[in-house]
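Colleague: Below is the structure I would like to discuss, written out as structure tokens.
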Amino acid sequence: MAAGPYNYSYIFKYIIIGDMGVGKSCLLHQFTEKKFMADCPHTIGVEFGTRIIEVASQKIKLQIWDTAGQERFRAVTRSYYRGAAGALMVYDITRRSTYNHLSSWLTDARNLTNPNTVIFLIGNKCDLDAQRDVTYEEAKQFAEENGLMFLECSAKTGENVEDAFLDTAKKIYQNIQDGSLDLNAAESGVQHKPATPRSPINTDQPQNKEGCAC
Amino acid sequence: MADLTNEPTVASASNNPLSRKLNKILETRLDSDKELLEALKALSNFFTENSLRNRRNLRSDIEKRSLAINEEFLEAFQVVKEQLDGVYSDVQAMNECCQDMANRLKAAKANTHHLISQTTSLHNESQKLQVKEQVAHAFLDKFQLKPEEVKILRGTRDGALQPEFFKALARVKQIHSDCKILLRTNHQTAGLEIMESMALHQESAYERLYRWTQNQCRLVTQDTPDVSPLLCQAMEALQDRPVLLNAVVRGFKRNAPFLTRGGPNGTPRPIELHSHDPLRYVGDMLAWLHQTSASEKEYLQSLLKNCSATSFQMDEVLGHITEGVCTPFKVRVEQVLVSEQDPVILYKLDNLLKFYHHTISQIIIPDAALMVTVAEIQDLSHRMFFNSLTGHANKLLDKVELPPSDLGATASLTQTLQLLRDVLACHDASVVPVDDKRQDYKQILACVIDPLLQMCSMSASRLSAVDMAAYMVNCIHMMNSTLALYEFTDTRLEMLNAQTDAHVDTLVSEQATYILNRVGLAQMYGILQQHRIDHGALSSVPGLDELAIKSAVNKFDSYLAQPDSLTLPQCNVILSASIREITKKRSVELVCEAYTQIYKAIMNPSNGYKDGPGIVPRTPEQVVHLLM
């Protein structure tokens, strides 16, 4: 059994949050399809996409839940924070209001996810630098104050989109390696298959499992 | 020898034999006759002395010599002859020998002929057998399993499955299907037997595969995100036995640990801890179901990636997998719904369920147990909501309040309208399709507005007609202004407007009558309308004499100076300014109309009034101008 090549070793669950129209769905689309979706319709409730990435030569499947930004869906989308390993919090650099709402999104994220959830701040639409309304430095400072990772991206050009998703995964993976993220807890947002050793200390455990599987 | 006598006759010499002979001798050329020369030479050997004796003895000498030579010759030949005899006898012997050998060979040949033919036939046979052997080998290769394959199929004691298993299984299957060709030829018995044995192999192999897969599934579904390729292969192989595959796939049903398990350090808290907040509780459960269904679908897709969709209805399987959560979910939501009294919350729950029914149906087919459950619960919530609304409405009718003195809305009306506002407002925050919304609104309005109208009529039942009209106008106005803010209320609004119009009509006629009564024109107007030309002049009718009319017109004049003084109090308490205006305007129009008729009648000479303009100094145009 162990010889069979598995497609991936972990599943990480992400959630994308932020105001309406900041480009959450476009970011997801850019990341999963590597295409920019013009005229993206409003998300109804939640939608989801997946992609397999590689971190430290481990295959990781990202299961990304893209939430609706409209206020009327807030009650619905709040139910999806549960069990997210990563939260991508998006604002639009050309609209200050979306930046101003970040603290409320952050409060939601902190309250509804688990303490180990990696929160990544994304300033989207950085291709529209001429219409910039929020400076990089300002957002960077906000991210540092709140212990968030931060990047400015463009779902349109694809700039930094990959990095935002990958860096989040790397951070989560690092947390697993550190042992600060307990995979056995429900709602950790990470699923792991037992056949590959998760860390040198734990190697015997999966082997036991493997033994009884055969 | 030479005959000399023939010499003289030369002429006849040619005819004379002697001459001929002589000629011949003469013509003989000794040097050219080799034989003669040889003979002479030989003669010279022993005839050395030409003597008489010798000449006499020449003949005998020659004869003697000849004899001697012949004797010599004979001797020599004797030897040759003897030798030839020897050779002859040898050849003879050889011939005999050969003859003998030939005979013997013949005999031997005769003897071995049988053997040879036997050998040949045996050889042929052996060749045939060899061909047969090859055929048999080929046949066995094609139609029998190799011992190691059988071993793999039977498996080891611990039940593990090697990848070769699938190859062997495929071979069994191949052989089984190849047997059909055998059956078509005249090898039916063999075909049947092989088929039977292959079927046995197949059955046992499938059973083993089934057990193994089932075990794997049980192990694998606990916490693992992915499926081993071997398991995928197993699923693929099991496709041939849909019953088994179904059994395997249905084997893993999820339970609902999510309800009681929270995150690390208790954040986020377990869903069940939110059971005091029905919306959050139900919403979280539904969101979990949605996410889990999506994950399960992905999982199933990777599990069954080798299986063709046609032979296997993945949707159906997904339905079965999610069946396990139905009951715990249903029990919990039902509890929430049954204990919830507030129609607003119930309606929000109803919308939430509707939304998730729609959302999850993108992942799970509608006839799956989970979807049926969600639909059932949604139906229940719908009913509970309308029960609650109806209950509220019934309460209204049970305890009808009396209208307040200002004929405004009662407290229960205000409350109910507030409730209606709250309920309808839920829709703004909800996510259900427009058609549902339209249908819902219709039902909600029917549920609230009809009883409200009924309640208002009941509460107004003891009022005077004018009071009732004003009260109803006010109540309907309240409803109207509430509904006007929402979509899909047009038909309702129309209906309410029609009712308002009816009540306004009442108010208008009451108001006009009141004014005419107060100025004393009402009676005159009544008589005037019933009067016909043939009754004679109006001035002769009692009550329509000039004096009476004059005093009435005086009073009318004072009314014209202060038109508001004669407004009914009921018209003043109408809440809607526009309705108030309309009522006023329309009643004034009626008054003007009446005045116009009276004026025309008086100015008509046939009615016998002497001083028309003196009695009615104001023209109708002036009156209209003053009043409007």
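Chain lettering (A, B, ...) mirrors the order of the structure tokens, residue numbering begins at 1 for each chain separately, and ligand numbering begins at 1 in order of display.
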Just the residues within 9 Å of Ala594 (chain B), please, counting only C-alpha atoms, with nothing from its chain fewer than 6 positions along; format it as a list in words.

Modeller: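 Here the qualifying residues turn out to be Leu516, Leu521, Ala522 and Tyr525 of chain B.
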
Colleague: Compile the contact shell of region 57-73 of chain A as an NGL selection string: residues with an atom at most 9 Å away, counting only C-alpha atoms, same-chain residues fewer than 4 positions apart removed.

Modeller: (:A and (6-22 or 24-25 or 28 or 42-53 or 77-78 or 80 or 84 or 165 or 169)) or (:B and (291 or 295 or 428-431))

Colleague: Export, as a CSV table (one decimal), in the first residue's frame, the selected residues with N, CA and C atoms.

Modeller:
```csv
chain,number,residue,atom,x,y,z
A,6,TYR,N,0.5,8.4,-3.8
A,6,TYR,CA,-0.7,9.2,-3.5
A,6,TYR,C,-0.7,10.5,-4.2
A,7,ASN,N,-1.9,11.0,-4.5
A,7,ASN,CA,-1.9,12.2,-5.2
A,7,ASN,C,-1.5,13.4,-4.3
A,8,TYR,N,-1.8,13.3,-3.1
A,8,TYR,CA,-1.4,14.4,-2.2
A,8,TYR,C,-1.4,13.9,-0.8
A,9,SER,N,-0.7,14.7,0.1
A,9,SER,CA,-0.5,14.2,1.5
A,9,SER,C,-1.5,15.0,2.4
A,10,TYR,N,-1.8,16.2,2.0
A,10,TYR,CA,-2.7,17.0,2.9
A,10,TYR,C,-3.8,17.7,2.2
A,11,ILE,N,-4.8,17.9,2.9
A,11,ILE,CA,-5.8,18.9,2.4
A,11,ILE,C,-5.9,20.1,3.3
A,12,PHE,N,-5.7,21.2,2.7
A,12,PHE,CA,-5.8,22.5,3.5
A,12,PHE,C,-7.1,23.2,3.1
A,13,LYS,N,-7.8,23.6,4.1
A,13,LYS,CA,-9.1,24.3,3.7
A,13,LYS,C,-8.8,25.8,3.9
A,14,TYR,N,-9.2,26.6,2.9
A,14,TYR,CA,-9.0,28.0,2.9
A,14,TYR,C,-10.4,28.7,2.8
A,15,ILE,N,-10.4,29.9,3.3
A,15,ILE,CA,-11.6,30.7,3.1
A,15,ILE,C,-11.2,32.0,2.6
A,16,ILE,N,-11.9,32.6,1.6
A,16,ILE,CA,-11.6,33.9,1.1
A,16,ILE,C,-12.7,34.9,1.6
A,17,ILE,N,-12.3,35.9,2.3
A,17,ILE,CA,-13.3,36.9,2.8
A,17,ILE,C,-13.0,38.3,2.3
A,18,GLY,N,-13.9,39.2,2.5
A,18,GLY,CA,-13.7,40.6,2.2
A,18,GLY,C,-14.9,41.2,1.6
A,19,ASP,N,-14.9,42.5,1.4
A,19,ASP,CA,-16.1,43.2,0.9
A,19,ASP,C,-16.5,42.8,-0.5
A,20,MET,N,-17.7,43.2,-0.8
A,20,MET,CA,-18.2,42.9,-2.1
A,20,MET,C,-17.4,43.6,-3.2
A,21,GLY,N,-17.1,42.9,-4.3
A,21,GLY,CA,-16.4,43.5,-5.4
A,21,GLY,C,-14.9,43.7,-5.3
A,22,VAL,N,-14.3,43.1,-4.2
A,22,VAL,CA,-12.9,43.3,-4.1
A,22,VAL,C,-12.1,42.3,-5.0
A,24,LYS,N,-12.7,38.7,-4.9
A,24,LYS,CA,-12.4,37.4,-4.2
A,24,LYS,C,-12.5,36.2,-5.2
A,25,SER,N,-13.7,36.2,-5.9
A,25,SER,CA,-13.9,35.1,-6.9
A,25,SER,C,-12.9,35.1,-8.0
A,28,LEU,N,-9.7,33.6,-6.8
A,28,LEU,CA,-9.8,32.1,-6.8
A,28,LEU,C,-9.7,31.6,-8.3
A,42,HIS,N,-21.9,38.3,-9.1
A,42,HIS,CA,-21.8,38.2,-7.7
A,42,HIS,C,-21.9,36.8,-7.2
A,43,THR,N,-21.1,36.5,-6.2
A,43,THR,CA,-21.2,35.1,-5.7
A,43,THR,C,-22.5,35.0,-4.9
A,44,ILE,N,-23.1,33.8,-5.1
A,44,ILE,CA,-24.3,33.5,-4.3
A,44,ILE,C,-23.9,32.6,-3.2
A,45,GLY,N,-23.9,33.1,-2.0
A,45,GLY,CA,-23.6,32.3,-0.8
A,45,GLY,C,-22.1,32.0,-0.8
A,46,VAL,N,-21.8,30.8,-1.2
A,46,VAL,CA,-20.4,30.3,-1.2
A,46,VAL,C,-20.1,29.5,-2.4
A,47,GLU,N,-18.9,29.6,-3.0
A,47,GLU,CA,-18.6,28.6,-4.0
A,47,GLU,C,-17.2,28.0,-3.7
A,48,PHE,N,-16.8,27.0,-4.3
A,48,PHE,CA,-15.5,26.5,-4.0
A,48,PHE,C,-14.7,25.9,-5.1
A,49,GLY,N,-13.4,25.9,-4.9
A,49,GLY,CA,-12.5,25.5,-6.0
A,49,GLY,C,-11.3,24.7,-5.3
A,50,THR,N,-10.7,23.9,-6.1
A,50,THR,CA,-9.5,23.1,-5.5
A,50,THR,C,-8.3,23.2,-6.5
A,51,ARG,N,-7.2,23.1,-5.9
A,51,ARG,CA,-6.0,22.9,-6.7
A,51,ARG,C,-4.9,22.2,-5.9
A,52,ILE,N,-4.1,21.4,-6.5
A,52,ILE,CA,-3.0,20.7,-5.8
A,52,ILE,C,-1.7,21.5,-6.0
A,53,ILE,N,-1.1,21.8,-4.9
A,53,ILE,CA,0.2,22.5,-5.0
A,53,ILE,C,1.3,21.7,-4.3
A,77,THR,N,-22.2,33.2,5.2
A,77,THR,CA,-20.8,32.9,5.0
A,77,THR,C,-20.1,32.7,6.4
A,78,ARG,N,-20.6,33.3,7.4
A,78,ARG,CA,-20.0,33.1,8.7
A,78,ARG,C,-19.9,31.6,9.1
A,80,TYR,N,-19.0,29.4,7.3
A,80,TYR,CA,-18.0,28.6,6.6
A,80,TYR,C,-16.6,28.9,7.1
A,84,ALA,N,-11.3,26.4,8.9
A,84,ALA,CA,-10.4,26.9,7.8
A,84,ALA,C,-9.0,26.9,8.4
A,165,PHE,N,-1.4,32.4,-2.2
A,165,PHE,CA,-1.9,31.1,-1.8
A,165,PHE,C,-0.8,30.2,-1.3
A,169,ALA,N,0.0,28.4,2.4
A,169,ALA,CA,0.2,27.0,2.6
A,169,ALA,C,1.5,26.7,3.3
B,291,GLN,N,-20.2,21.9,3.0
B,291,GLN,CA,-18.8,21.7,2.8
B,291,GLN,C,-18.4,20.2,2.8
B,295,SER,N,-16.7,18.0,-0.1
B,295,SER,CA,-15.5,17.1,0.1
B,295,SER,C,-15.7,15.7,-0.2
B,428,ASP,N,-35.0,40.7,2.1
B,428,ASP,CA,-34.0,41.5,1.6
B,428,ASP,C,-32.6,40.9,1.9
B,429,ALA,N,-32.6,40.2,3.0
B,429,ALA,CA,-31.3,39.6,3.4
B,429,ALA,C,-31.2,38.2,3.0
B,430,SER,N,-32.2,37.7,2.3
B,430,SER,CA,-32.2,36.3,2.0
B,430,SER,C,-31.8,36.1,0.5
B,431,VAL,N,-31.7,34.9,0.2
B,431,VAL,CA,-31.0,34.5,-1.0
B,431,VAL,C,-31.8,33.6,-1.9
```

Colleague: Quick one: residues within 12 Å of region 132-140 of chain B, only C-alpha atoms, excluding same-chain residues fewer than 5 positions away - as a PyMOL selection string?

Modeller: chain B and resi 125-127+145-147+175+178-179+182+187+190-191+194

Colleague: Excluding Gln454 (chain B) and any residue of its chain fewer than 3 positions from it, enumerate the residues within 10 Å of it, using only C-alpha atoms, and give them as a list in words.

Modeller: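 Selected residues are Ala393, Leu396, Leu397, Val400, Ile449, Asp450, Pro451, Ser457, Met458, Ser459 and Ala460 of chain B.
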
Colleague: Between CA of Leu445 (chain B) and CA of Leu496 (chain B), what is the distance in Å, rounded to a tenth?

Modeller: 11.8 Å
